[in-house]
$ cat upload.cif   # mmCIF, C-alpha atoms
data_upload
#
loop_
_atom_site.label_atom_id
_atom_site.label_comp_id
_atom_site.auth_asym_id
_atom_site.auth_seq_id
_atom_site.Cartn_x
_atom_site.Cartn_y
_atom_site.Cartn_z
CA MET C 1 96.34 18.30 214.68
CA VAL C 2 94.61 20.35 217.33
CA GLU C 3 96.36 23.51 216.15
CA ARG C 4 95.26 22.88 212.56
CA HIS C 5 91.71 22.26 213.75
CA ARG C 6 91.66 25.61 215.54
CA LEU C 7 93.00 27.51 212.53
CA VAL C 8 90.68 26.10 209.87
CA THR C 9 86.89 25.96 210.04
CA LYS C 10 84.34 24.34 207.78
CA ARG C 11 83.19 27.77 206.68
CA ASN C 12 86.73 28.70 205.60
CA ILE C 13 86.95 25.54 203.52
CA LEU C 14 83.59 26.23 201.84
CA THR C 15 84.52 29.83 201.03
CA TRP C 16 87.79 28.88 199.38
CA ARG C 17 86.23 25.99 197.52
CA SER C 18 83.52 28.26 196.12
CA TRP C 19 85.72 30.91 194.52
CA ILE C 20 88.24 28.31 193.34
CA THR C 21 85.34 26.51 191.63
CA VAL C 22 84.58 29.68 189.68
CA LEU C 23 88.22 29.72 188.57
CA HIS C 24 88.00 26.11 187.36
CA VAL C 25 84.75 26.70 185.49
CA GLY C 26 86.27 29.70 183.69
CA ALA C 27 89.32 27.63 182.71
CA ILE C 28 87.15 24.82 181.34
CA ILE C 29 84.96 27.21 179.33
CA SER C 30 88.00 28.94 177.83
CA SER C 31 89.48 25.57 176.86
CA PHE C 32 86.29 24.44 175.12
CA PHE C 33 86.10 27.77 173.30
CA ARG C 34 89.70 27.50 172.15
CA LEU C 35 89.41 23.95 170.85
CA TYR C 36 86.04 24.58 169.21
CA ARG C 37 87.24 27.68 167.43
CA GLN C 38 90.55 26.19 166.30
CA ARG C 39 88.76 23.17 164.91
CA LYS C 40 86.17 25.37 163.21
CA VAL C 41 88.80 27.38 161.33
CA SER C 42 90.96 24.27 160.73
CA LYS C 43 93.88 25.67 162.72
CA LEU C 44 94.52 22.78 165.11
CA TRP C 45 98.23 22.33 165.78
CA LEU C 46 100.51 20.86 168.47
CA ASP C 47 99.79 23.66 170.94
CA ASP C 48 96.07 22.87 170.74
CA TYR C 49 96.69 19.18 171.37
CA PHE C 50 98.66 19.94 174.52
CA ALA C 51 95.88 22.32 175.56
CA ALA C 52 93.45 19.41 175.11
CA LEU C 53 95.72 17.25 177.30
CA ALA C 54 95.65 19.96 179.96
CA LEU C 55 91.86 20.08 179.74
CA ALA C 56 91.67 16.31 180.28
CA ALA C 57 93.87 16.68 183.36
CA GLU C 58 91.62 19.51 184.56
CA PHE C 59 88.60 17.19 184.47
CA VAL C 60 90.44 14.88 186.87
CA LEU C 61 91.82 17.60 189.16
CA PHE C 62 88.62 19.63 189.51
CA PRO C 63 86.48 16.94 191.23
CA ALA C 64 89.28 16.32 193.73
CA LEU C 65 88.64 19.83 195.05
CA TRP C 66 85.33 18.67 196.53
CA LEU C 67 86.45 15.33 197.95
CA LEU C 68 85.74 14.71 201.62
CA GLY C 69 89.41 14.51 202.51
CA VAL C 70 89.74 18.22 203.27
CA ALA C 71 87.75 17.57 206.45
CA VAL C 72 90.97 16.42 208.13
CA TYR C 73 91.92 20.09 208.41
CA HIS C 74 88.91 21.15 210.49
CA LYS C 75 87.99 17.94 212.36
CA VAL C 76 89.92 16.22 215.11
CA HIS C 77 88.41 12.78 214.45
CA VAL C 78 87.57 11.73 210.90
CA SER C 79 86.06 8.58 209.41
CA ARG C 80 87.81 6.01 207.27
CA GLU C 81 86.04 7.36 204.17
CA VAL C 82 87.55 10.80 204.76
CA VAL C 83 91.03 9.32 205.10
CA ILE C 84 90.68 7.32 201.88
CA SER C 85 89.36 10.42 200.11
CA GLN C 86 92.36 12.44 201.25
CA ILE C 87 94.76 9.74 200.06
CA VAL C 88 93.10 9.66 196.64
CA ALA C 89 93.31 13.46 196.46
CA SER C 90 97.02 13.25 197.23
CA TRP C 91 97.62 10.87 194.33
CA ILE C 92 95.64 13.10 191.99
CA VAL C 93 97.33 16.33 193.01
CA ASN C 94 100.86 14.96 192.85
CA SER C 95 100.46 13.37 189.42
CA VAL C 96 97.65 14.92 187.37
CA PHE C 97 98.50 18.42 188.56
CA TRP C 98 101.98 18.28 187.00
CA ILE C 99 100.52 17.09 183.71
CA LEU C 100 98.10 20.02 183.74
CA LEU C 101 100.70 22.62 184.70
CA TRP C 102 103.44 21.70 182.25
CA SER C 103 101.07 20.87 179.39
CA THR C 104 99.82 24.45 179.50
CA ARG C 105 103.39 25.73 179.43
CA ILE C 106 104.26 23.49 176.49
CA SER C 107 101.16 24.74 174.68
CA PHE C 108 102.12 28.35 175.40
CA ALA C 109 105.66 27.84 174.09
CA LEU C 110 104.33 26.26 170.89
CA SER C 111 101.85 29.12 170.50
CA THR C 112 104.82 31.48 170.53
CA ALA C 113 106.27 29.55 167.59
CA ARG C 114 103.13 30.36 165.60
CA PHE C 115 103.97 34.06 165.68
CA THR C 116 107.64 33.79 164.77
CA PRO C 117 109.09 33.04 161.30
CA PRO C 118 110.36 29.45 161.01
CA GLY C 119 114.11 29.02 160.91
CA THR C 120 114.81 32.06 163.06
CA PHE C 121 116.52 31.94 166.43
CA LEU C 122 113.32 32.82 168.29
CA TYR C 123 111.38 30.09 166.49
CA LYS C 124 114.01 27.49 167.36
CA SER C 125 114.12 28.78 170.94
CA ALA C 126 110.36 28.38 171.32
CA ILE C 127 110.46 24.83 169.96
CA ALA C 128 113.46 23.96 172.16
CA LEU C 129 111.72 25.46 175.18
CA SER C 130 108.68 23.27 174.62
CA GLY C 131 111.01 20.25 174.48
CA ILE C 132 112.61 21.26 177.79
CA PHE C 133 109.17 21.65 179.36
CA PHE C 134 108.19 18.19 178.13
CA GLY C 135 111.31 16.75 179.76
CA ILE C 136 110.46 18.50 183.04
CA LEU C 137 106.90 17.17 182.79
CA VAL C 138 108.11 13.58 182.45
CA ALA C 139 110.75 14.01 185.18
CA CYS C 140 108.40 15.61 187.73
CA THR C 141 105.55 13.16 187.15
CA SER C 142 107.84 10.12 187.29
CA TYR C 143 109.73 11.29 190.37
CA MET C 144 106.60 12.20 192.31
CA THR C 145 104.88 8.92 191.46
CA VAL C 146 107.84 6.73 192.42
CA LYS C 147 108.62 8.70 195.58
CA ARG C 148 105.00 8.64 196.70
CA ALA C 149 104.76 4.90 196.15
CA LYS C 150 107.90 4.24 198.21
CA MET C 151 106.68 6.41 201.12
CA TYR C 152 103.06 5.25 200.99
CA SER C 153 103.28 3.24 204.20
CA ILE C 154 104.32 6.41 206.06
CA TRP C 155 102.20 9.29 204.75
CA SER C 156 99.03 7.22 204.37
CA LYS C 157 98.88 6.61 208.14
CA GLU C 158 99.58 10.10 209.45
CA ALA C 159 97.40 13.20 209.20
CA PRO C 160 96.88 15.09 206.93
CA TYR C 161 97.47 11.96 204.78
CA GLN C 162 99.37 13.86 202.11
CA CYS C 163 102.71 13.03 200.52
CA ILE C 164 104.64 16.24 201.17
CA LEU C 165 108.25 16.46 199.94
CA PRO C 166 109.69 19.68 201.39
CA SER C 167 113.19 18.91 200.08
CA TRP C 168 111.85 18.94 196.51
CA ILE C 169 110.07 22.31 196.80
CA PRO C 170 113.13 24.53 195.99
CA GLU C 171 113.78 22.61 192.76
CA LEU C 172 110.13 22.85 191.74
CA LEU C 173 110.02 26.58 192.40
CA THR C 174 113.22 27.00 190.37
CA PHE C 175 111.63 25.18 187.43
CA ASP C 176 108.52 27.34 187.77
CA PHE C 177 110.40 30.63 187.71
CA PHE C 178 112.56 29.48 184.80
CA ALA C 179 109.47 28.52 182.80
CA ASP C 180 107.58 31.72 183.56
CA ILE C 181 110.51 34.01 182.77
CA SER C 182 111.24 32.16 179.53
CA LEU C 183 107.62 32.44 178.41
CA VAL C 184 107.80 36.20 178.91
CA ILE C 185 111.23 36.92 177.38
CA ILE C 186 110.87 34.95 174.13
CA PRO C 187 107.50 36.47 173.09
CA ALA C 188 108.72 39.92 174.11
CA CYS C 189 111.72 39.57 171.80
CA ALA C 190 109.50 38.27 169.01
CA PHE C 191 107.14 41.23 169.23
CA TRP C 192 109.77 43.91 169.77
CA GLY C 193 110.04 44.52 166.03
CA GLY C 194 108.18 41.63 164.50
CA LEU C 195 104.56 41.54 163.44
CA LYS C 196 103.23 44.71 161.83
CA LEU C 197 99.77 44.89 163.36
CA ASP C 198 97.74 47.88 164.40
CA TYR C 199 98.43 49.36 167.82
CA THR C 200 95.46 47.78 169.63
CA ALA C 201 96.03 44.30 168.22
CA ARG C 202 99.73 44.45 169.01
CA ARG C 203 99.12 45.47 172.62
CA LEU C 204 96.50 42.75 173.06
CA ILE C 205 98.86 40.01 171.93
CA GLN C 206 101.70 41.37 174.06
CA ALA C 207 99.40 41.46 177.09
CA CYS C 208 98.32 37.87 176.47
CA PHE C 209 101.88 36.61 176.34
CA ALA C 210 102.86 38.69 179.38
CA ALA C 211 99.95 37.15 181.30
CA THR C 212 102.09 34.09 181.90
CA SER C 213 103.72 36.12 184.67
CA LEU C 214 100.52 35.53 186.66
CA THR C 215 101.72 32.04 187.51
CA ALA C 216 105.05 33.48 188.64
CA ALA C 217 103.21 36.02 190.79
CA TRP C 218 101.15 33.27 192.36
CA ASN C 219 104.29 31.24 193.12
CA ILE C 220 105.77 34.27 194.86
CA ILE C 221 102.63 34.68 196.95
CA TYR C 222 102.61 30.99 197.80
CA THR C 223 106.29 30.97 198.75
CA SER C 224 105.97 34.03 200.99
CA HIS C 225 102.90 32.67 202.81
CA SER C 226 103.91 29.01 203.07
CA THR C 227 106.47 29.86 205.74
CA CYS C 228 103.84 31.70 207.82
CA THR C 229 101.61 28.89 209.08
CA GLY C 230 100.18 30.88 211.95
CA SER C 231 97.15 32.21 210.07
CA CYS C 232 94.13 30.63 208.42
CA ASN C 233 94.77 32.18 205.01
CA SER C 234 98.36 30.91 204.94
CA LEU C 235 97.18 27.39 205.66
CA MET C 236 94.46 27.72 203.02
CA LEU C 237 97.09 28.67 200.45
CA ILE C 238 99.06 25.55 201.28
CA ILE C 239 95.99 23.30 201.08
CA PHE C 240 94.58 24.66 197.83
CA GLN C 241 97.80 25.64 196.03
CA PRO C 242 97.48 23.05 193.20
CA TYR C 243 93.76 23.75 192.74
CA ILE C 244 94.51 27.45 192.18
CA LEU C 245 97.68 27.30 190.09
CA GLY C 246 96.22 24.67 187.73
CA PRO C 247 93.24 26.68 186.40
CA ILE C 248 95.29 29.90 186.33
CA SER C 249 97.79 28.21 184.00
CA LEU C 250 94.96 26.89 181.84
CA LEU C 251 93.35 30.33 181.59
CA VAL C 252 96.64 31.95 180.61
CA CYS C 253 97.21 29.21 178.03
CA ASN C 254 93.86 29.91 176.35
CA MET C 255 93.88 33.69 176.75
CA LEU C 256 95.49 34.43 173.38
CA ILE C 257 92.80 32.64 171.35
CA VAL C 258 89.94 34.03 173.43
CA VAL C 259 91.17 37.64 173.39
CA THR C 260 91.98 37.72 169.68
CA SER C 261 88.58 36.21 168.84
CA LEU C 262 86.74 38.78 170.94
CA TYR C 263 88.84 41.55 169.41
CA ARG C 264 87.89 40.42 165.93
CA LEU C 265 84.21 40.22 166.90
CA PHE C 266 84.02 43.75 168.33
CA ARG C 267 86.20 45.16 165.55
CA ASP C 268 83.88 43.80 162.87
CA GLU C 269 80.81 45.13 164.70
CA SER C 270 82.33 48.61 165.02
CA LYS C 271 83.08 48.93 161.31
CA PRO C 272 80.62 51.25 159.51
CA VAL C 273 78.51 49.74 156.78
CA VAL C 274 79.35 51.38 153.44
CA ALA C 275 76.42 51.56 151.02
CA MET C 276 77.46 50.48 147.55
CA PRO C 277 75.87 52.38 144.62
CA SER C 278 73.40 50.41 142.58
CA ALA C 279 74.02 49.67 138.93
CA SER C 280 71.22 52.01 137.84
CA ASN C 281 72.92 55.00 139.48
CA VAL C 282 76.30 54.46 137.86
CA ALA C 283 76.87 56.01 134.45
CA PRO C 284 78.44 53.57 132.00
CA GLY C 285 82.01 54.52 131.19
CA PRO C 286 84.12 53.84 128.11
CA LEU C 287 85.37 50.31 127.61
CA PRO C 288 89.11 49.81 128.30
CA ASN C 289 91.41 49.35 125.34
CA ASN C 290 93.92 46.55 124.92
CA GLU C 291 96.77 48.53 126.46
CA GLU C 292 94.76 49.19 129.61
CA LEU C 293 93.77 45.53 129.85
CA GLN C 294 97.28 44.15 129.40
CA GLY C 295 99.03 46.88 131.37
CA SER C 296 101.89 49.11 130.38
CA ALA C 297 105.50 48.17 130.93
CA HIS C 298 106.00 51.32 132.98
CA THR C 299 102.97 50.75 135.22
CA ILE C 300 103.88 50.36 138.88
CA SER C 301 101.64 48.57 141.35
CA PRO C 302 100.31 50.87 144.10
CA LEU C 303 101.62 48.35 146.61
CA THR C 304 105.23 48.77 145.48
CA HIS C 305 107.64 51.57 144.70
CA PRO C 306 110.97 51.62 142.83
CA ASN C 307 114.24 52.20 144.59
CA ARG C 308 117.29 53.94 143.16
CA SER C 309 118.46 50.84 141.33
CA GLY C 310 115.13 50.55 139.53
CA ARG C 311 114.05 47.49 141.57
CA GLN C 312 110.56 47.54 142.99
CA GLU C 313 110.27 47.24 146.74
CA SER C 314 107.27 46.63 148.93
CA ASN C 315 105.90 49.17 151.38
CA TRP C 316 106.23 46.49 154.05
CA THR C 317 109.19 46.92 156.32
CA GLU C 318 109.64 43.21 156.96
CA SER C 319 111.78 40.92 154.86
CA PRO C 320 109.85 38.48 152.66
CA ASN C 321 110.77 35.53 154.86
CA GLN C 322 109.29 37.21 157.89
CA LEU C 323 105.77 36.34 156.79
CA ASP C 324 106.63 32.89 155.46
CA LEU C 325 104.99 30.92 158.25
CA THR C 326 104.81 27.16 157.91
CA VAL C 327 102.81 26.60 161.07
CA PRO C 328 99.09 27.44 160.94
CA SER C 329 99.00 30.94 162.40
CA THR C 330 95.80 32.25 163.93
CA ALA C 331 97.00 35.84 164.33
CA TRP C 332 96.56 36.79 160.70
CA THR C 333 93.00 35.53 160.42
CA ASP C 334 92.04 37.07 163.73
CA LEU C 335 93.64 40.49 163.63
CA ASN C 336 93.87 41.45 159.98
CA THR C 337 91.27 42.34 157.42
CA PRO C 338 90.92 40.27 154.21
CA GLU C 339 92.82 42.99 152.36
CA ASP C 340 95.70 42.68 154.82
CA ILE C 341 95.78 38.92 154.43
CA GLU C 342 95.84 39.23 150.63
CA MET C 343 98.70 41.73 150.84
CA GLN C 344 100.66 39.49 153.24
CA THR C 345 100.16 36.48 150.97
CA ARG C 346 101.29 38.48 147.94
CA HIS C 347 104.54 39.48 149.66
CA SER C 348 105.17 36.25 151.57
CA ARG C 349 107.47 34.93 148.86
CA PRO C 350 110.54 36.69 147.38
#
$ encode --input "upload.cif" --output "structure tokens"
Amino acid sequence: MVERHRLVTKRNILTWRSWITVLHVGAIISSFFRLYRQRKVSKLWLDDYFAALALAAEFVLFPALWLLGVAVYHKVHVSREVVISQIVASWIVNSVFWILLWSTRISFALSTARFTPPGTFLYKSAIALSGIFFGILVACTSYMTVKRAKMYSIWSKEAPYQCILPSWIPELLTFDFFADISLVIIPACAFWGGLKLDYTARRLIQACFAATSLTAAWNIIYTSHSTCTGSCNSLMLIIFQPYILGPISLLVCNMLIVVTSLYRLFRDESKPVVAMPSASNVAPGPLPNNEELQGSAHTISPLTHPNRSGRQESNWTESPNQLDLTVPSTAWTDLNTPEDIEMQTRHSRP
């Protein structure tokens, strides 16, 4: 206790709390933006509901950051109120945190399914991955709650009044790395030769899906520093680990919707305004005859071209089923022009 008191000061606690608060506020704002926009365009789906569940967990986890219990790390003698506060924080961190973390991963896996054609291997993999994450969520939350209740008489009477299960840490880190790697590989395979978007839009979406590696990077940092308890920063990482990883996961979960919306906004503003000629400046032309109105049998649509067998083929390189999405996809409405959407709809069926 004395060694911990010498390592951590009240100023250190305040500094870490301050910048972590900024992280939480950014995660909350991004979540509200995501849910508001998805509801506005009537695109709410399962991934948005799990994002809403993560936001609800965030509202419980965030206040625990400023509870008085952290004082046990920089004071030798603490009051009963501080001890109770630290015990409450332990219950919150070891239950609500897991709901927040794995709900964001479930939401991210379901978001991947939005960008893959239904019935394909990648689509089924994304759905199966979300099911695995849900099972891990239930298992982790149940195990931590039961284990903490059984050991309550021990950890609630010894400083720092936290239920720490070091034997469970390797399994948790294994689950984390498995989840992060899976959420990078599946979207990467889906976008390797999938959606035909412009270069900027394609890179933006790939960057958003690759951002899930941020949680893996943070786990690596935490693992490397958790064994070095001889410095203040290492101890701070151990104390505030859940309060940092939680909002990072929520930000990554919402990044796709936020980035694509901003891309659409700036893209529309950068488009030049084309002045249409008024009716008075256009000379009236001859009226079309019946053949021009009905179309000739040999007329070919500019969107198609005949192959050697005489069958018309689309200029699109995808198969017709590749655009046949049954889940409400946000990518098309965000990253394509109305003409692109009309063309995709026209060729979405064989």
$ closest_residue --input "upload.cif" --among "C:Leu262, C:Ala56, C:Ala149, C:Leu35" --to "Ile99 of chain C" --atoms "only C-alpha atoms"
C:Ala56
$ resolve_selection --input "upload.cif" --expression "the PyMOL selection byres ((chain C and resi 248) around 12)" --output "ChimeraX atom specification"
/C:20-28,30-31,54,58,100-101,104-105,211-219,241-247,249-255
$ atom_distance --input "upload.cif" --atom1 "atom CA of Arg37 of chain C" --atom2 "atom CA of Val258 of chain C"
9.1 Å
$ closest_residue --input "upload.cif" --among "C:Val93, C:Ala113, C:Leu53, C:Ile13" --to "Leu235 of chain C" --atoms "all atoms listed in the file"
C:Ile13
$ atom_distance --input "upload.cif" --atom1 "atom CA of Phe175 of chain C" --atom2 "atom CA of Phe59 of chain C"
24.6 Å
$ atom_distance --input "upload.cif" --atom1 "atom CA of Phe133 of chain C" --atom2 "atom CA of Ala207 of chain C"
22.2 Å
